[in-house]
Amino acid sequence: MTKSELAAELLWQDPNEPSTHLYRVVEEHLASHDILQCRVAAAYASWGGLSLVSDALEDFLRRGKKLQTVFGIGNMITTPDALLYALYLKTRYPKQQRARTFEWRYGNSEFHPKYYEFQYPDRLVTVIGSSNLTNGGLAMNHELSVSVTAPAVTAIWRSCDAGWKRLWKRSQDVTPEQIRALRNANALGAEQAKARRSGKSQFLDVRLPRAKKPLFRHLIEDEPARQVRHEVLAAADSLTEKPARLFLQILEHETGGGHQIQLPVATLGAFFGVGKDESKDVVFRFPSLSEEVSVKLTHFENHTYRVRLRPLKEIPRPAIVVFERGAEAGTYDCKVVTAAQYERTLRLRCSEQTREDSRRWGLQQ
């Protein structure tokens, strides 16, 4: 059939057959040179699923194309990482990306669509079926969808557009405050893989071409404008996969009597999990000095937050302090990098700066 005719095709996804994985269909459409717009409504979304198509999405947006997404929330499955990634794209491409959520607050009813729409000058392609925007929905599960191609400005085209506009009108913009409220209400899922309720112990070994890495690493390695990157990291207090370590350079001019350090606001969100205008009690342990310090961290809008750590008073500066997430929530083990390792650690681990003349820092998985 030609592009001017109505056509339909069943898409059977078999996790053991990589050629049938739905993320490949999504990538193929996004890479098309004549595509104009993509719209996605998914009941459930995760960074695990989005990471399969994130390169294609970002290339699509870099080419000036338009993307609209609506993710279901409040279902304890959609993850904060998925919403934070949508927020990141919205922040980085404000003229092209619009991200919204749909919350349906009924115990006996679900928001449950799986809709992928690709708009071309002469046709509309919709993929509708069982596939959520998750790792399972796009690759790891047996799924069934139907791909429908309709000529431009036909009854089907108009029906899809009207349905989308109704959904869009009832949805809400993604915001850090919304993500934080959902997290605090335990209404979101988590990225970590969990065993199925059925108790099955055997796991399918499927090799996907894109490694599922934590979102914070993707944000840093993708290297958007520094202001955009740090703005999203500062709002990323809801991450389910937080960095394991923070490397922080401390400088002579921030001594404050010899024991103060300055935490960049991006680390308060992404590493310490403190949201804007929130406070959190934490404990910094210095095993080599047999000391620990209790501190209340508060996330202000300014670029840094001063923390008093007495054990650092006699440390020659500049230096690098490594904060490692402890086994107990809210605890961090701290050590100072030796002088012999300072330059190498600064070069390899401290890739970030809030401003050109400020301390350097880095996050590690």
# chains A, B, ... in the order shown; residues from 1 in each chain; ligands from 1

call {"tool": "residues_around", "arguments": {"residues": "region 317-320 of chain A", "least_positions_apart": "5", "cutoff": "6 Å", "atoms": "only C-alpha atoms", "output": "list in words"}}
result
Leu248, Gln249, Ile250, Leu251, Glu252, Val336 and Val337 of chain A

call {"tool": "write_last_selection", "arguments": {"atoms": "C-alpha atoms", "output": "JSON list (two decimals), in the first residue's frame"}}
result
[["chain", "number", "residue", "atom", "x", "y", "z"],
["A", 248, "LEU", "CA", 33.85, 17.67, 46.45],
["A", 249, "GLN", "CA", 36.78, 20.04, 46.14],
["A", 250, "ILE", "CA", 37.16, 22.38, 49.12],
["A", 251, "LEU", "CA", 39.06, 25.65, 48.68],
["A", 252, "GLU", "CA", 40.94, 28.03, 50.92],
["A", 336, "VAL", "CA", 39.88, 13.20, 52.50],
["A", 337, "VAL", "CA", 41.83, 12.27, 49.39]]

call {"tool": "atom_distance", "arguments": {"atom1": "CA of Glu191 (chain A)", "atom2": "CA of Ser54 (chain A)"}}
result
15.9 Å

call {"tool": "residues_around", "arguments": {"residues": "region 173-180 of chain A", "least_positions_apart": "6", "cutoff": "9 Å", "atoms": "only C-alpha atoms", "output": "list in words"}}
result
Val70, Pro80, Leu83, Leu84, Ala86, Leu87, Lys90, Arg98, Ala99, Arg100, Thr101, Leu188, Val232, Ala235, Ala236, Asp237, Ser238, Gly275 and Lys276 of chain A

call {"tool": "write_last_selection", "arguments": {"atoms": "C-alpha atoms", "output": "PDB file, in the first residue's frame"}}
result
ATOM      1  CA  VAL A  70       1.481  12.305  28.952  1.00  0.00           C
ATOM      2  CA  PRO A  80      10.145   9.629  39.498  1.00  0.00           C
ATOM      3  CA  LEU A  83       9.142  12.191  35.247  1.00  0.00           C
ATOM      4  CA  LEU A  84      12.514  13.812  35.932  1.00  0.00           C
ATOM      5  CA  ALA A  86      10.589  14.383  30.961  1.00  0.00           C
ATOM      6  CA  LEU A  87      11.315  17.504  33.023  1.00  0.00           C
ATOM      7  CA  LYS A  90      11.253  20.081  28.787  1.00  0.00           C
ATOM      8  CA  ARG A  98       5.921  19.553  26.451  1.00  0.00           C
ATOM      9  CA  ALA A  99       5.540  17.033  29.253  1.00  0.00           C
ATOM     10  CA  ARG A 100       2.388  16.362  31.229  1.00  0.00           C
ATOM     11  CA  THR A 101       0.928  13.826  33.643  1.00  0.00           C
ATOM     12  CA  LEU A 188       5.488   6.332  42.439  1.00  0.00           C
ATOM     13  CA  VAL A 232      17.547  19.363  36.828  1.00  0.00           C
ATOM     14  CA  ALA A 235      15.354  19.128  41.352  1.00  0.00           C
ATOM     15  CA  ALA A 236      16.304  15.432  41.303  1.00  0.00           C
ATOM     16  CA  ASP A 237      15.805  14.760  45.010  1.00  0.00           C
ATOM     17  CA  SER A 238      13.221  12.114  44.048  1.00  0.00           C
ATOM     18  CA  GLY A 275      14.127  19.027  47.806  1.00  0.00           C
ATOM     19  CA  LYS A 276      13.715  22.767  47.365  1.00  0.00           C
TER      20      LYS A 276
END

call {"tool": "select_by_dssp", "arguments": {"residues": "region 121-276 of chain A", "states": "alpha helix (DSSP H)", "output": "number ranges by chain"}}
result
A: 135, 155-169, 176-184, 215-221, 226-234, 265-270

call {"tool": "select_by_dssp", "arguments": {"residues": "region 54-211 of chain A", "states": "strand (DSSP E)", "output": "ChimeraX atom specification"}}
result
/A:66-73,97-103,114-119,123-129,143-151,172-173

call {"tool": "closest_residue", "arguments": {"among": "A:Asn16, A:Thr79, A:Ser159, A:Thr69", "to": "Leu215 (chain A)", "atoms": "only C-alpha atoms"}}
result
A:Thr79

call {"tool": "closest_residue", "arguments": {"among": "A:Glu356, A:Glu17, A:Asp277, A:Glu117", "to": "Arg226 (chain A)", "atoms": "only C-alpha atoms"}}
result
A:Glu356

call {"tool": "closest_residue", "arguments": {"among": "A:Val282, A:Leu363, A:Ile156, A:Leu219", "to": "Pro264 (chain A)", "atoms": "only C-alpha atoms"}}
result
A:Leu363

call {"tool": "closest_residue", "arguments": {"among": "A:Pro214, A:Gly72, A:Pro15, A:Gly362", "to": "Leu144 (chain A)", "atoms": "only C-alpha atoms"}}
result
A:Pro15

call {"tool": "closest_residue", "arguments": {"among": "A:Ile261, A:Leu246, A:Leu22, A:Cys350", "to": "Tyr332 (chain A)", "atoms": "only C-alpha atoms"}}
result
A:Leu246

call {"tool": "atom_distance", "arguments": {"atom1": "CA of Glu143 (chain A)", "atom2": "CA of Phe60 (chain A)"}}
result
25.4 Å

call {"tool": "atom_distance", "arguments": {"atom1": "CA of Pro243 (chain A)", "atom2": "CA of Phe216 (chain A)"}}
result
7.4 Å

call {"tool": "closest_residue", "arguments": {"among": "A:Pro209, A:Arg63, A:Ala187, A:Leu52", "to": "Arg105 (chain A)", "atoms": "only C-alpha atoms"}}
result
A:Ala187

call {"tool": "residues_around", "arguments": {"residues": "Gln192 (chain A)", "least_positions_apart": "4", "cutoff": "12 Å", "atoms": "only C-alpha atoms", "output": "list in words"}}
result
Ser46, Trp47, Gly48, Ile77, Thr79, Asp81, Asn135, Lys212, Lys213, Pro214, Leu239, Thr240, Glu241 and Lys242 of chain A

call {"tool": "write_last_selection", "arguments": {"atoms": "N, CA and C atoms", "output": "mmCIF file, in the first residue's frame"}}
result
data_model
loop_
_atom_site.group_PDB
_atom_site.id
_atom_site.type_symbol
_atom_site.label_atom_id
_atom_site.label_comp_id
_atom_site.auth_asym_id
_atom_site.auth_seq_id
_atom_site.Cartn_x
_atom_site.Cartn_y
_atom_site.Cartn_z
ATOM 1 N N SER A 46 8.944 4.497 32.767
ATOM 2 C CA SER A 46 10.129 4.361 33.618
ATOM 3 C C SER A 46 11.346 4.840 32.838
ATOM 4 N N TRP A 47 12.397 5.200 33.571
ATOM 5 C CA TRP A 47 13.644 5.564 32.902
ATOM 6 C C TRP A 47 14.212 4.342 32.191
ATOM 7 N N GLY A 48 13.990 3.141 32.733
ATOM 8 C CA GLY A 48 14.448 1.934 32.058
ATOM 9 C C GLY A 48 13.898 1.844 30.649
ATOM 10 N N ILE A 77 3.689 2.769 39.827
ATOM 11 C CA ILE A 77 4.504 2.100 38.804
ATOM 12 C C ILE A 77 5.353 3.109 38.045
ATOM 13 N N THR A 79 7.792 5.886 37.456
ATOM 14 C CA THR A 79 8.865 6.221 38.391
ATOM 15 C C THR A 79 9.179 7.719 38.383
ATOM 16 N N ASP A 81 12.054 8.881 38.186
ATOM 17 C CA ASP A 81 13.123 9.053 37.208
ATOM 18 C C ASP A 81 12.549 9.346 35.824
ATOM 19 N N ASN A 135 10.793 -0.689 30.269
ATOM 20 C CA ASN A 135 11.727 -1.668 29.726
ATOM 21 C C ASN A 135 10.985 -2.908 29.232
ATOM 22 N N LYS A 212 21.292 0.154 30.643
ATOM 23 C CA LYS A 212 20.381 0.891 31.517
ATOM 24 C C LYS A 212 21.199 1.522 32.639
ATOM 25 N N LYS A 213 21.626 2.753 32.442
ATOM 26 C CA LYS A 213 22.428 3.419 33.452
ATOM 27 C C LYS A 213 21.560 4.390 34.236
ATOM 28 N N PRO A 214 21.950 4.716 35.467
ATOM 29 C CA PRO A 214 21.144 5.652 36.256
ATOM 30 C C PRO A 214 20.954 6.978 35.545
ATOM 31 N N LEU A 239 15.033 11.022 42.820
ATOM 32 C CA LEU A 239 15.663 9.908 42.105
ATOM 33 C C LEU A 239 15.583 8.622 42.919
ATOM 34 N N THR A 240 15.254 7.514 42.245
ATOM 35 C CA THR A 240 15.274 6.229 42.955
ATOM 36 C C THR A 240 16.665 5.599 42.905
ATOM 37 N N GLU A 241 17.469 6.000 41.927
ATOM 38 C CA GLU A 241 18.845 5.510 41.840
ATOM 39 C C GLU A 241 19.786 6.695 42.026
ATOM 40 N N LYS A 242 20.148 6.941 43.260
ATOM 41 C CA LYS A 242 20.997 8.090 43.578
ATOM 42 C C LYS A 242 22.473 7.705 43.468
#

call {"tool": "residues_around", "arguments": {"residues": "Trp164 (chain A)", "least_positions_apart": "4", "cutoff": "10 Å", "atoms": "only C-alpha atoms", "output": "number ranges by chain"}}
result
A: 39-41, 70, 115, 117, 158-160, 168-169

call {"tool": "decode", "arguments": {"residues": "region 52-119 of chain A", "atoms": "C-alpha atoms", "output": "compact mmCIF listing (two decimals), in the first residue's frame"}}
result
# COMPACT_ATOMS: atom_id res chain seq x y z
CA LEU A 52 16.02 2.60 25.26
CA VAL A 53 14.89 5.51 23.08
CA SER A 54 16.55 8.49 24.81
CA ASP A 55 19.25 8.92 22.15
CA ALA A 56 16.60 8.92 19.42
CA LEU A 57 14.39 11.33 21.39
CA GLU A 58 17.21 13.78 22.00
CA ASP A 59 18.38 13.67 18.38
CA PHE A 60 14.75 14.19 17.31
CA LEU A 61 14.49 17.31 19.50
CA ARG A 62 17.89 18.62 18.41
CA ARG A 63 16.56 18.55 14.85
CA GLY A 64 13.79 20.94 15.88
CA LYS A 65 10.94 18.40 15.96
CA LYS A 66 8.10 18.54 18.49
CA LEU A 67 7.38 16.05 21.27
CA GLN A 68 4.42 15.83 23.63
CA THR A 69 4.12 13.21 26.38
CA VAL A 70 1.48 12.31 28.95
CA PHE A 71 2.43 9.77 31.64
CA GLY A 72 0.07 8.21 34.14
CA ILE A 73 0.93 8.97 37.78
CA GLY A 74 -0.24 7.95 41.23
CA ASN A 75 -0.20 4.31 40.16
CA MET A 76 2.92 3.22 42.11
CA ILE A 77 4.50 2.10 38.80
CA THR A 78 5.53 5.23 36.88
CA THR A 79 8.86 6.22 38.39
CA PRO A 80 10.14 9.63 39.50
CA ASP A 81 13.12 9.05 37.21
CA ALA A 82 10.79 8.94 34.18
CA LEU A 83 9.14 12.19 35.25
CA LEU A 84 12.51 13.81 35.93
CA TYR A 85 13.71 12.83 32.47
CA ALA A 86 10.59 14.38 30.96
CA LEU A 87 11.31 17.50 33.02
CA TYR A 88 14.91 17.47 31.75
CA LEU A 89 13.81 17.37 28.10
CA LYS A 90 11.25 20.08 28.79
CA THR A 91 13.95 22.27 30.40
CA ARG A 92 16.49 21.65 27.66
CA TYR A 93 14.11 22.00 24.71
CA PRO A 94 11.39 24.39 25.98
CA LYS A 95 10.11 25.29 22.50
CA GLN A 96 9.73 21.68 21.34
CA GLN A 97 9.07 19.42 24.32
CA ARG A 98 5.92 19.55 26.45
CA ALA A 99 5.54 17.03 29.25
CA ARG A 100 2.39 16.36 31.23
CA THR A 101 0.93 13.83 33.64
CA PHE A 102 -2.51 12.33 34.16
CA GLU A 103 -3.68 11.31 37.63
CA TRP A 104 -6.85 9.25 37.99
CA ARG A 105 -7.80 8.97 41.66
CA TYR A 106 -10.16 6.03 41.71
CA GLY A 107 -9.63 2.68 43.39
CA ASN A 108 -11.74 0.77 40.89
CA SER A 109 -10.62 2.46 37.66
CA GLU A 110 -7.28 2.99 35.90
CA PHE A 111 -5.71 5.41 33.43
CA HIS A 112 -4.43 2.72 31.08
CA PRO A 113 -3.62 3.89 27.49
CA LYS A 114 -0.55 2.97 25.46
CA TYR A 115 -0.50 5.32 22.51
CA TYR A 116 2.40 6.29 20.24
CA GLU A 117 1.69 8.79 17.45
CA PHE A 118 4.05 9.89 14.67
CA GLN A 119 2.89 12.75 12.46
